[in-house]
Every structure is written in structure tokens, then in C-alpha cells.
file coords.cif (mmCIF, C-alpha atoms)
data_run
#
loop_
_atom_site.group_PDB
_atom_site.id
_atom_site.type_symbol
_atom_site.label_atom_id
_atom_site.label_comp_id
_atom_site.auth_asym_id
_atom_site.auth_seq_id
_atom_site.Cartn_x
_atom_site.Cartn_y
_atom_site.Cartn_z
ATOM 1 C CA MET I 13 0.000 0.000 0.000
ATOM 2 C CA GLU I 14 1.268 3.432 -0.909
ATOM 3 C CA PHE I 15 0.337 6.517 1.077
ATOM 4 C CA VAL I 16 0.195 9.998 -0.352
ATOM 5 C CA SER I 17 -0.131 12.852 2.083
ATOM 6 C CA ILE I 18 -2.558 15.425 0.762
ATOM 7 C CA LYS I 19 -1.977 17.774 3.679
ATOM 8 C CA ASN I 20 0.085 20.211 1.654
ATOM 9 C CA LEU I 21 -1.591 19.713 -1.685
ATOM 10 C CA PRO I 22 -3.230 22.796 -3.174
ATOM 11 C CA LYS I 23 -7.013 22.831 -3.217
ATOM 12 C CA ALA I 24 -7.009 22.516 -7.011
ATOM 13 C CA VAL I 25 -5.143 19.218 -6.802
ATOM 14 C CA ARG I 26 -7.514 17.860 -4.168
ATOM 15 C CA LEU I 27 -10.400 18.794 -6.434
ATOM 16 C CA ALA I 28 -8.717 17.129 -9.409
ATOM 17 C CA ILE I 29 -8.257 13.915 -7.440
ATOM 18 C CA LEU I 30 -11.872 13.949 -6.307
ATOM 19 C CA LYS I 31 -13.132 14.631 -9.820
ATOM 20 C CA GLN I 32 -11.173 11.730 -11.268
ATOM 21 C CA LEU I 33 -12.599 9.483 -8.560
ATOM 22 C CA GLY I 34 -16.140 10.526 -9.450
ATOM 23 C CA TYR I 35 -16.694 13.032 -6.679
ATOM 24 C CA GLY I 36 -16.784 16.805 -6.423
ATOM 25 C CA SER I 37 -16.874 19.622 -3.917
ATOM 26 C CA ASP I 38 -18.975 22.651 -3.129
ATOM 27 C CA GLY I 39 -15.813 24.420 -2.097
ATOM 28 C CA GLN I 40 -15.948 23.331 1.505
ATOM 29 C CA PHE I 41 -17.198 19.754 1.590
ATOM 30 C CA VAL I 42 -16.908 16.666 -0.588
ATOM 31 C CA THR I 43 -19.941 16.031 -2.793
ATOM 32 C CA ASP I 44 -21.180 13.237 -5.025
ATOM 33 C CA GLU I 45 -21.653 13.590 -8.765
ATOM 34 C CA GLN I 46 -25.023 15.256 -8.204
ATOM 35 C CA GLY I 47 -23.487 17.889 -5.959
ATOM 36 C CA LYS I 48 -24.921 16.441 -2.755
ATOM 37 C CA ARG I 49 -22.594 16.459 0.230
ATOM 38 C CA ILE I 50 -21.493 12.931 1.094
ATOM 39 C CA ARG I 51 -21.175 11.755 4.682
ATOM 40 C CA ASP I 52 -18.592 9.659 6.458
ATOM 41 C CA ARG I 53 -20.086 6.146 6.497
ATOM 42 C CA TYR I 54 -18.850 5.412 10.020
ATOM 43 C CA VAL I 55 -19.499 8.583 12.011
ATOM 44 C CA ASP I 56 -22.118 10.212 9.789
ATOM 45 C CA VAL I 57 -20.533 13.627 9.394
ATOM 46 C CA GLU I 58 -20.031 15.688 6.266
ATOM 47 C CA ILE I 59 -16.513 15.363 4.925
ATOM 48 C CA SER I 60 -14.512 18.550 4.763
ATOM 49 C CA LEU I 61 -12.297 19.077 1.747
ATOM 50 C CA SER I 62 -9.532 20.060 4.141
ATOM 51 C CA ASN I 63 -9.817 17.015 6.397
ATOM 52 C CA MET I 64 -10.457 13.937 4.307
ATOM 53 C CA LEU I 65 -9.033 10.478 3.774
ATOM 54 C CA ILE I 66 -9.400 8.421 0.630
ATOM 55 C CA PHE I 67 -9.012 4.703 1.154
ATOM 56 C CA PRO I 68 -9.175 1.885 -1.358
ATOM 57 C CA GLY I 69 -12.093 -0.506 -1.467
ATOM 58 C CA SER I 70 -14.554 0.999 -3.970
ATOM 59 C CA THR I 71 -12.760 4.252 -3.143
ATOM 60 C CA ILE I 72 -13.987 5.175 0.317
ATOM 61 C CA ILE I 73 -13.826 8.826 1.323
ATOM 62 C CA LEU I 74 -13.851 9.469 5.057
ATOM 63 C CA ASP I 75 -13.506 12.225 7.583
ATOM 64 C CA ASN I 76 -9.982 12.218 8.999
ATOM 65 C CA ASN I 77 -10.561 10.947 12.538
ATOM 66 C CA TYR I 78 -9.442 8.011 14.687
ATOM 67 C CA LEU I 79 -12.808 6.278 14.860
ATOM 68 C CA SER I 80 -13.384 6.264 11.114
ATOM 69 C CA VAL I 81 -9.880 4.931 10.460
ATOM 70 C CA ALA I 82 -10.321 2.173 13.055
ATOM 71 C CA ALA I 83 -13.787 1.283 11.733
ATOM 72 C CA TYR I 84 -12.407 1.080 8.201
ATOM 73 C CA LEU I 85 -9.617 -1.235 9.368
ATOM 74 C CA GLU I 86 -12.149 -3.372 11.199
ATOM 75 C CA GLU I 87 -13.901 -3.940 7.876
ATOM 76 C CA HIS I 88 -10.752 -4.174 5.768
ATOM 77 C CA GLU I 89 -8.283 -5.973 7.993
ATOM 78 C CA ASP I 90 -5.655 -6.438 5.323
ATOM 79 C CA ALA I 91 -6.004 -2.983 3.803
ATOM 80 C CA PHE I 92 -2.652 -1.698 5.029
ATOM 81 C CA MET W 4 6.962 9.463 -5.333
ATOM 82 C CA PRO W 5 4.769 8.080 -2.602
ATOM 83 C CA SER W 6 6.207 5.789 0.017
ATOM 84 C CA GLU W 7 5.765 2.042 -0.382
ATOM 85 C CA LEU W 8 6.812 1.417 3.206
ATOM 86 C CA ASP W 9 4.760 0.440 6.191
ATOM 87 C CA PRO W 10 2.677 3.530 7.162
ATOM 88 C CA ILE W 11 4.017 3.684 10.698
ATOM 89 C CA GLU W 12 7.565 3.342 9.550
ATOM 90 C CA SER W 13 6.904 5.884 6.863
ATOM 91 C CA ALA W 14 5.361 8.344 9.291
ATOM 92 C CA ALA W 15 8.132 7.921 11.797
ATOM 93 C CA LYS W 16 10.806 8.539 9.236
ATOM 94 C CA GLY W 17 8.903 11.309 7.526
ATOM 95 C CA PHE W 18 8.884 9.440 4.258
ATOM 96 C CA THR W 19 5.258 10.085 3.407
ATOM 97 C CA LYS W 20 5.281 12.725 0.797
ATOM 98 C CA GLY W 21 3.764 16.133 1.056
ATOM 99 C CA ILE W 22 3.951 16.805 -2.578
ATOM 100 C CA LEU W 23 4.094 20.396 -3.611
ATOM 101 C CA GLU W 24 4.899 19.920 -7.238
ATOM 102 C CA PHE W 25 2.889 17.588 -9.357
ATOM 103 C CA SER W 26 1.571 17.057 -12.802
ATOM 104 C CA ALA W 27 -1.732 15.998 -14.286
ATOM 105 C CA GLU W 28 -0.045 12.722 -15.158
ATOM 106 C CA GLN W 29 0.982 12.278 -11.554
ATOM 107 C CA VAL W 30 -2.571 12.836 -10.310
ATOM 108 C CA ALA W 31 -3.893 10.399 -12.924
ATOM 109 C CA GLU W 32 -1.355 7.797 -11.811
ATOM 110 C CA TRP W 33 -2.322 8.209 -8.134
ATOM 111 C CA VAL W 34 -5.993 7.859 -8.974
ATOM 112 C CA ARG W 35 -5.325 4.775 -11.082
ATOM 113 C CA LYS W 36 -3.509 3.168 -8.166
ATOM 114 C CA ALA W 37 -6.216 4.222 -5.705
ATOM 115 C CA LYS W 38 -8.862 2.618 -7.906
ATOM 116 C CA GLN W 39 -6.819 -0.567 -7.986
ATOM 117 C CA GLY W 40 -6.569 -0.615 -4.202
ATOM 118 C CA GLU W 41 -2.871 0.149 -4.132
ATOM 119 C CA LEU W 42 -2.833 3.702 -2.802
ATOM 120 C CA SER W 43 -4.464 5.788 -0.087
ATOM 121 C CA PHE W 44 -4.627 9.544 0.246
ATOM 122 C CA ILE W 45 -4.154 10.612 3.845
ATOM 123 C CA GLU W 46 -4.520 13.991 5.503
ATOM 124 C CA ASP W 47 -1.846 13.520 8.112
ATOM 125 C CA ASP W 48 0.254 10.603 9.289
ATOM 126 C CA GLU W 49 -0.719 11.015 12.934
ATOM 127 C CA THR W 50 -4.294 9.722 12.714
ATOM 128 C CA ILE W 51 -3.343 6.434 11.093
ATOM 129 C CA GLU W 52 -0.170 6.120 13.141
ATOM 130 C CA VAL W 53 -2.061 6.393 16.457
ATOM 131 C CA VAL W 54 -4.715 3.872 15.394
ATOM 132 C CA MET W 55 -2.166 1.354 14.098
ATOM 133 C CA GLU W 56 -0.129 1.760 17.277
ATOM 134 C CA GLN W 57 -3.082 0.803 19.479
ATOM 135 C CA ARG W 58 -4.008 -2.172 17.307
ATOM 136 C CA LYS W 59 -0.649 -3.749 18.138
ATOM 137 C CA LYS W 60 -1.052 -3.466 21.906
ATOM 138 C CA PRO W 61 -1.390 -6.726 23.877
ATOM 139 C CA GLU W 62 -4.179 -5.164 25.948
ATOM 140 C CA LEU W 63 -6.313 -4.781 22.836
ATOM 141 C CA GLU W 64 -5.330 -8.182 21.489
ATOM 142 C CA LEU W 65 -6.478 -9.755 24.757
ATOM 143 C CA TYR W 66 -9.905 -8.152 24.583
ATOM 144 C CA ARG W 67 -10.260 -8.860 20.875
ATOM 145 C CA LYS W 68 -9.704 -12.539 21.575
ATOM 146 C CA TYR W 69 -12.826 -12.698 23.693
ATOM 147 C CA ILE W 70 -15.069 -10.103 22.084
ATOM 148 C CA THR W 71 -16.959 -10.781 18.892
ATOM 149 C CA SER W 72 -18.941 -7.557 18.563
ATOM 150 C CA PRO W 73 -17.239 -5.151 16.115
ATOM 151 C CA GLU W 74 -18.826 -2.232 17.979
ATOM 152 C CA LEU W 75 -17.320 -3.263 21.321
ATOM 153 C CA LYS W 76 -13.946 -3.859 19.710
ATOM 154 C CA LEU W 77 -14.013 -0.334 18.341
ATOM 155 C CA GLN W 78 -15.062 1.162 21.684
ATOM 156 C CA ILE W 79 -12.169 -0.567 23.428
ATOM 157 C CA GLU W 80 -9.741 0.451 20.723
ATOM 158 C CA MET W 81 -10.908 4.047 20.998
ATOM 159 C CA GLY W 82 -10.366 3.859 24.756
ATOM 160 C CA LEU W 83 -6.716 3.179 24.077
ATOM 161 C CA VAL W 84 -6.650 6.048 21.592
ATOM 162 C CA LEU W 85 -8.225 8.340 24.203
ATOM 163 C CA ARG W 86 -5.449 7.365 26.604
ATOM 164 C CA ARG W 87 -2.832 8.106 23.944
ATOM 165 C CA ILE W 88 -4.209 11.556 23.032
ATOM 166 C CA ASP W 89 -5.300 12.552 26.526
ATOM 167 C CA ALA W 90 -3.084 15.635 26.642
ATOM 168 C CA ASP W 91 -4.667 17.080 23.497
ATOM 169 C CA GLU W 92 -8.010 18.463 24.651
ATOM 170 C CA LYS W 93 -9.286 19.314 21.174
ATOM 171 C CA LYS W 94 -8.612 15.857 19.756
ATOM 172 C CA ARG W 95 -9.872 14.193 22.918
ATOM 173 C CA ASN W 96 -13.171 16.062 22.822
ATOM 174 C CA ASN W 97 -13.550 15.469 19.105
ATOM 175 C CA LEU W 98 -13.167 11.718 19.568
ATOM 176 C CA LYS W 99 -15.567 11.667 22.519
ATOM 177 C CA GLU W 100 -18.145 13.498 20.426
ATOM 178 C CA LYS W 101 -17.750 10.976 17.608
ATOM 179 C CA LEU W 102 -17.983 8.034 20.017
ATOM 180 C CA THR W 103 -21.184 9.423 21.490
ATOM 181 C CA ARG W 104 -22.585 10.067 18.020
ATOM 182 C CA LYS W 105 -21.877 6.505 16.891
ATOM 183 C CA PHE W 106 -22.414 4.441 20.035
ATOM 184 C CA GLY W 107 -24.281 6.621 22.531
ATOM 185 C CA THR W 108 -23.084 7.373 26.045
ATOM 186 C CA ALA W 109 -22.677 3.668 26.919
ATOM 187 C CA GLY W 110 -20.099 3.325 24.148
ATOM 188 C CA LEU W 111 -18.302 6.407 25.375
ATOM 189 C CA HIS W 112 -18.282 4.970 28.895
ATOM 190 C CA VAL W 113 -16.684 1.731 27.710
ATOM 191 C CA ALA W 114 -13.956 3.749 25.996
ATOM 192 C CA GLU W 115 -13.418 5.941 29.060
ATOM 193 C CA LEU W 116 -13.026 2.936 31.343
ATOM 194 C CA VAL W 117 -10.462 1.445 29.000
ATOM 195 C CA LYS W 118 -8.718 4.789 28.811
ATOM 196 C CA CYS W 119 -8.214 5.022 32.553
ATOM 197 C CA GLY W 120 -7.154 1.374 32.804
ATOM 198 C CA ILE W 121 -9.965 0.540 35.167
ATOM 199 C CA LEU W 122 -11.752 -1.901 32.879
ATOM 200 C CA SER W 123 -9.051 -4.547 33.131
ATOM 201 C CA ARG W 124 -9.052 -4.335 36.933
ATOM 202 C CA TYR W 125 -12.818 -4.300 37.021
ATOM 203 C CA VAL W 126 -13.091 -7.310 34.740
ATOM 204 C CA SER W 127 -10.714 -9.295 36.918
ATOM 205 C CA ILE W 128 -12.882 -8.555 39.948
ATOM 206 C CA LEU W 129 -16.088 -9.482 38.170
ATOM 207 C CA LEU W 130 -14.815 -12.554 36.415
ATOM 208 C CA GLY W 131 -12.468 -13.882 39.033
ATOM 209 C CA GLU W 132 -14.777 -16.799 39.545
ATOM 210 C CA ALA W 133 -15.122 -17.752 35.890
ATOM 211 C CA LYS W 134 -14.299 -21.433 35.546
ATOM 212 C CA THR W 135 -14.104 -21.691 31.777
ATOM 213 C CA GLU W 136 -13.094 -19.542 28.845
ATOM 214 C CA VAL W 137 -16.690 -19.524 27.617
ATOM 215 C CA GLU W 138 -17.858 -18.262 30.995
ATOM 216 C CA PHE W 139 -15.219 -15.539 30.931
ATOM 217 C CA LYS W 140 -16.168 -14.539 27.393
ATOM 218 C CA GLU W 141 -19.860 -14.329 28.215
ATOM 219 C CA GLY W 142 -19.157 -12.380 31.379
ATOM 220 C CA LEU W 143 -16.952 -9.889 29.586
ATOM 221 C CA GLN W 144 -19.547 -9.404 26.872
ATOM 222 C CA ASP W 145 -22.206 -8.899 29.539
ATOM 223 C CA ILE W 146 -20.179 -6.251 31.330
ATOM 224 C CA LEU W 147 -19.385 -4.301 28.203
ATOM 225 C CA THR W 148 -22.884 -4.349 26.769
ATOM 226 C CA GLY W 149 -24.361 -3.373 30.124
ATOM 227 C CA ILE W 150 -21.610 -1.049 31.272
ATOM 228 C CA ASP W 151 -24.020 1.485 32.724
ATOM 229 C CA LYS W 152 -25.435 -1.171 35.067
ATOM 230 C CA TYR W 153 -22.028 -1.708 36.645
ATOM 231 C CA VAL W 154 -20.460 1.723 36.505
ATOM 232 C CA GLU W 155 -21.849 4.968 37.829
ATOM 233 C CA PHE W 156 -20.306 8.166 36.544
ATOM 234 C CA ILE W 157 -20.632 10.792 39.268
ATOM 235 C CA GLN W 158 -21.142 14.414 38.304
ATOM 236 C CA ASN W 159 -20.566 17.405 40.536
ATOM 237 C CA GLN W 160 -24.231 18.423 40.312
ATOM 238 C CA ASP W 161 -25.584 15.002 41.353
ATOM 239 C CA SER W 162 -27.851 14.811 44.393
ATOM 240 C CA VAL W 163 -26.223 12.631 47.053
ATOM 241 C CA GLU W 164 -29.545 11.226 48.198
ATOM 242 C CA LYS W 165 -30.954 10.514 44.737
ATOM 243 C CA LYS W 166 -27.778 9.028 43.352
ATOM 244 C CA SER W 167 -27.043 6.828 46.348
ATOM 245 C CA ASN W 168 -30.651 5.585 46.421
ATOM 246 C CA ALA W 169 -30.491 4.752 42.720
ATOM 247 C CA VAL W 170 -27.248 2.805 43.153
ATOM 248 C CA VAL W 171 -28.554 0.924 46.197
ATOM 249 C CA GLN W 172 -31.695 -0.034 44.273
ATOM 250 C CA ARG W 173 -29.619 -1.231 41.360
ATOM 251 C CA ILE W 174 -27.373 -3.295 43.613
ATOM 252 C CA ASN W 175 -30.342 -4.893 45.335
ATOM 253 C CA ALA W 176 -32.015 -5.649 42.010
ATOM 254 C CA ASN W 177 -29.007 -7.022 40.096
ATOM 255 C CA LEU W 178 -26.756 -8.284 42.908
ATOM 256 C CA PRO W 179 -23.655 -7.494 40.838
ATOM 257 C CA ARG W 180 -20.291 -8.942 41.818
ATOM 258 C CA ALA W 181 -18.939 -5.428 41.727
ATOM 259 C CA MET W 182 -19.849 -1.855 40.956
ATOM 260 C CA VAL W 183 -17.682 1.196 40.464
ATOM 261 C CA LEU W 184 -18.368 4.840 41.147
ATOM 262 C CA PHE W 185 -16.227 6.828 38.755
ATOM 263 C CA SER W 186 -15.454 10.474 39.457
ATOM 264 C CA SER W 187 -12.865 13.057 38.558
ATOM 265 C CA GLY W 188 -11.888 16.599 39.494
ATOM 266 C CA ASP W 189 -14.512 18.492 41.461
ATOM 267 C CA ALA W 190 -16.915 15.535 41.448
ATOM 268 C CA ILE W 191 -14.646 13.443 43.694
ATOM 269 C CA ARG W 192 -15.933 14.994 46.903
ATOM 270 C CA LYS W 193 -19.511 14.306 45.797
ATOM 271 C CA ALA W 194 -18.591 10.706 44.975
ATOM 272 C CA ASP W 195 -17.117 10.288 48.471
ATOM 273 C CA GLU W 196 -20.421 11.402 50.019
ATOM 274 C CA ILE W 197 -22.471 9.123 47.765
ATOM 275 C CA PHE W 198 -20.147 6.218 48.542
ATOM 276 C CA GLU W 199 -20.612 6.667 52.299
ATOM 277 C CA CYS W 200 -24.401 6.749 51.873
ATOM 278 C CA ILE W 201 -24.344 3.555 49.814
ATOM 279 C CA LYS W 202 -22.156 1.779 52.361
ATOM 280 C CA ALA W 203 -24.644 2.589 55.084
ATOM 281 C CA ASN W 204 -27.495 1.055 53.119
ATOM 282 C CA ILE W 205 -26.249 -2.256 51.725
ATOM 283 C CA ASP W 206 -24.964 -5.489 53.227
ATOM 284 C CA GLY W 207 -22.646 -8.171 51.957
ATOM 285 C CA TYR W 208 -20.150 -6.003 50.141
ATOM 286 C CA ASN W 209 -16.535 -4.961 50.662
ATOM 287 C CA TYR W 210 -15.215 -1.570 49.690
ATOM 288 C CA ASN W 211 -12.099 -0.234 48.098
ATOM 289 C CA VAL W 212 -11.055 3.226 46.897
ATOM 290 C CA GLU W 213 -8.378 3.823 44.285
ATOM 291 C CA GLU W 214 -7.155 7.038 42.773
ATOM 292 C CA GLN W 215 -4.963 7.990 39.892
ATOM 293 C CA VAL W 216 -3.695 11.240 38.479
ATOM 294 C CA THR W 217 -3.372 11.668 34.744
ATOM 295 C CA ALA W 218 0.250 12.550 34.156
ATOM 296 C CA GLU W 219 -0.364 14.840 31.196
ATOM 297 C CA THR W 220 -3.292 16.818 32.584
ATOM 298 C CA GLY W 221 -2.862 16.464 36.347
ATOM 299 C CA ILE W 222 -6.564 15.613 36.666
ATOM 300 C CA ARG W 223 -7.421 13.302 39.578
ATOM 301 C CA GLN W 224 -9.757 10.361 39.026
ATOM 302 C CA ARG W 225 -11.192 8.314 41.868
ATOM 303 C CA TYR W 226 -12.764 4.856 41.713
ATOM 304 C CA HIS W 227 -14.968 3.663 44.541
ATOM 305 C CA PHE W 228 -15.280 -0.122 44.254
ATOM 306 C CA ILE W 229 -18.208 -1.944 45.813
ATOM 307 C CA ILE W 230 -17.291 -5.649 45.748
ATOM 308 C CA LYS W 231 -19.539 -8.509 46.762
ATOM 309 C CA LYS W 232 -18.214 -10.628 49.620
ATOM 310 C CA LEU W 233 -17.462 -14.187 48.480
#
call {"tool": "encode", "arguments": {"input": "coords.cif", "output": "C-alpha cells"}}
result
Amino acid sequence: MEFVSIKNLPKAVRLAILKQLGYGSDGQFVTDEQGKRIRDRYVDVEISLSNMLIFPGSTIILDNNYLSVAAYLEEHEDAF
Amino acid sequence: MPSELDPIESAAKGFTKGILEFSAEQVAEWVRKAKQGELSFIEDDETIEVVMEQRKKPELELYRKYITSPELKLQIEMGLVLRRIDADEKKRNNLKEKLTRKFGTAGLHVAELVKCGILSRYVSILLGEAKTEVEFKEGLQDILTGIDKYVEFIQNQDSVEKKSNAVVQRINANLPRAMVLFSSGDAIRKADEIFECIKANIDGYNYNVEEQVTAETGIRQRYHFIIKKL
């Protein structure tokens, strides 16, 4: 597994990554193709463009927090 | 180029890239790898590093051996994370809020008891009599799913009379092997008063008081144990 830190990536690059993965942004939060804000599947919060994680497995976008990471690893034990 | 090393090793050595210069081709290559399950985009190393660190701890491995519920496993794991990030109030509060959102206050309480190290001591008291592994497993599951039956979190604004009456009623109804009153900071004095009231109104139990001070924050936590006489 490779890890790319997006912490210092310009907003335009984050947007480009999201677009190529089939997502978008309203400028503040991550949205789906219809422009609707998506929510973290584990903690049910909107995902900020400035605090997101993108994990493999049908490309899962999450809020960057301990619980979501742990919940993801619980479902995908061999992910990393 | 991105690191192909273990994430913890990468984080520790600062190998994970914070790429400032890139090309459209580079982004396309990352996305291709992400779609193939070979690459993750992470905000900061710390979040993953802390989670991975806890997952390797023997304390968690022990609990995971006996617990089947994914929710309980996560609550325990987050208890260890809470312990690790205790000095960072913002992160601590953020995690507590997320735990409450996902699991309710009972889930938060499980995590808090793991955080302060009291769960392992409590479990040994409760399950000291378990004769088989199955019995131990069932007992542990029972404690964790019914944590609020066995643990009372004392707040500074609690009424001594109401709280002590409620605990006495619960003890008489459930006859638990042990109960714990958990208090910290200003609520400790209130917990002492409630504890004395309870002692005066139940029979057949021994008592023990333990205290610990969180090194990072200096906050005192007190545990009043009410343990059934064998």
C-alpha cells in the first residue's frame, strides 16, 4: 500500500483527485456527482475538503478521525 | 513518489510525501492506483499512526480474543486512543463526540473505562470466579454491553440522596459482583459522600477506593469499588 499525504496539496489538486474518482466539492465539503454532500459512512458527518481520507475498497472517502480509520480497518483488515 | 513502506515506519521517518509539485499525469497515476486498491490519500500521518499503534497493543489483542462484537472492539480500541491523546483536549473532545454520536453514552463509557485502565481491573474482579473460557467470554460481553449497570459516573451536580438511592436499588435488584463509582476533578468529593451513603445502606459487600492522576493533565480520578463478599 502506498500513502500519499494530501496535507500540503493545493485545493485545485484535491479537487482534481476527487473529480477523477467521481466526486466533487462545493468548495468546503466533498460532494457526489449530483453535488450532494457525502457523509462519512462510520461517524455520519459531512466530509470537509480540508480534512479527508481516501481509502481503497470501492474508493472510500472518510472524515480524517481516529474512529473512522479504526472502523475502516475493522472492515478491511488487510487494507494496510 | 509516494512511500511504499509500512505507514508507521513511513510516518516515523517522515517518508510520506507532502507533494508540492505535481503534474496531471501524476494525479492520474495516483488515482489509477487508488482505484486498484494500491494507494491511499491521507490527511496527516498522525491519525493512522495512532490507530495502528493501538491495534498492536497486547491489551487490545487480549480483549479482541474474547469479544466478537465489532462495535465493542471499536469502543475498546478508541479507549486506548483516548489514553494516547489525553493531553490534546481538542482531539480528545472530538473523539468523545464521535464516540457518542456513533455508540451513545454507553459506548463512550466503555472507551473511558479502557482509557483510565480501570476496565481490566474491574473485569478481573467481576470474572475472578469464571471457571471456563466460555464463561469468561460471556461475562466480559455482559459487562461491556451493560456497562451502565455496573459503573456509575458521578457528576458534581448530582444529588447525594438521589444518586445513592439509585445505586442501592440497582445493587439490590441485580446483585452485581462489583460496581464502580467513577469520578474526577470536582466531582470526587460528591462521589465520596455518595459512597458513604451507599455503604450505610447495603450489606454483603466490601469496599475499596483507588485514585490515579493523569500525568499529562494532572486531573485526579477516583474509583470507589463496591465488591460482593465471596
call {"tool": "closest_residue", "arguments": {"input": "coords.cif", "among": "I:Ile73, I:Asn63, I:Glu89, I:Glu58", "to": "chain W", "atoms": "all atoms listed in the file"}}
result
I:Asn63
call {"tool": "closest_residue", "arguments": {"input": "coords.cif", "among": "I:Val81, I:Ala91, I:Val42, I:Ile72", "to": "I:Lys23", "atoms": "only C-alpha atoms"}}
result
I:Val42
call {"tool": "resolve_selection", "arguments": {"input": "coords.cif", "expression": "the PyMOL selection byres ((chain I) within 7 of (chain W))", "output": "ChimeraX atom specification"}}
result
/I:13-21,29,32-33,55,63-69,71,76-79,81-83
call {"tool": "closest_residue", "arguments": {"input": "coords.cif", "among": "W:Asn177, W:Asn96, W:Ser123, W:Asn211", "to": "W:Asp195", "atoms": "only C-alpha atoms"}}
result
W:Asn211
call {"tool": "resolve_selection", "arguments": {"input": "coords.cif", "expression": "the PyMOL selection byres ((chain I and resi 36) around 12)", "output": "ChimeraX atom specification"}}
result
/I:23-35,37-50,59-61,73
call {"tool": "residues_around", "arguments": {"input": "coords.cif", "residues": "W:Gln158", "least_positions_apart": "6", "cutoff": "9 Å", "atoms": "all atoms listed in the file", "output": "list in words"}}
result
Ser186, Ser187, Asp189, Ala190, Ile191, Lys193 and Ala194 of chain W
call {"tool": "resolve_selection", "arguments": {"input": "coords.cif", "expression": "the PyMOL selection byres ((chain W and resi 219-233) around 7)", "output": "list in words"}}
result
Ala90, Arg180, Ala181, Met182, Val183, Leu184, Phe185, Ser186, Ser187, Gly188, Ile191, Gly207, Tyr208, Asn209, Tyr210, Asn211, Val212, Glu213, Glu214, Gln215, Val216, Thr217 and Ala218 of chain W
call {"tool": "atom_distance", "arguments": {"input": "coords.cif", "atom1": "atom CA of W:Leu63", "atom2": "atom CA of I:Phe92"}}
result
18.4 Å
call {"tool": "residues_around", "arguments": {"input": "coords.cif", "residues": "W:Ile150", "least_positions_apart": "6", "cutoff": "10 Å", "atoms": "all atoms listed in the file", "output": "PyMOL selection string"}}
result
chain W and resi 109-110+112-113+116+144+182
call {"tool": "atom_distance", "arguments": {"input": "coords.cif", "atom1": "atom CA of W:Lys68", "atom2": "atom CA of I:Leu85"}}
result
16.6 Å
call {"tool": "atom_distance", "arguments": {"input": "coords.cif", "atom1": "atom CA of W:Leu111", "atom2": "atom CA of I:Ser80"}}
result
15.1 Å
call {"tool": "axis_aligned_box", "arguments": {"input": "coords.cif", "around": "stretch 114-121 of chain W", "padding_each_side": "8 Å", "output": "lines of an AutoDock Vina configuration file"}}
result
center_x = -10.6
center_y = 3.2
center_z = 30.6
size_x = 22.8
size_y = 21.4
size_z = 25.2
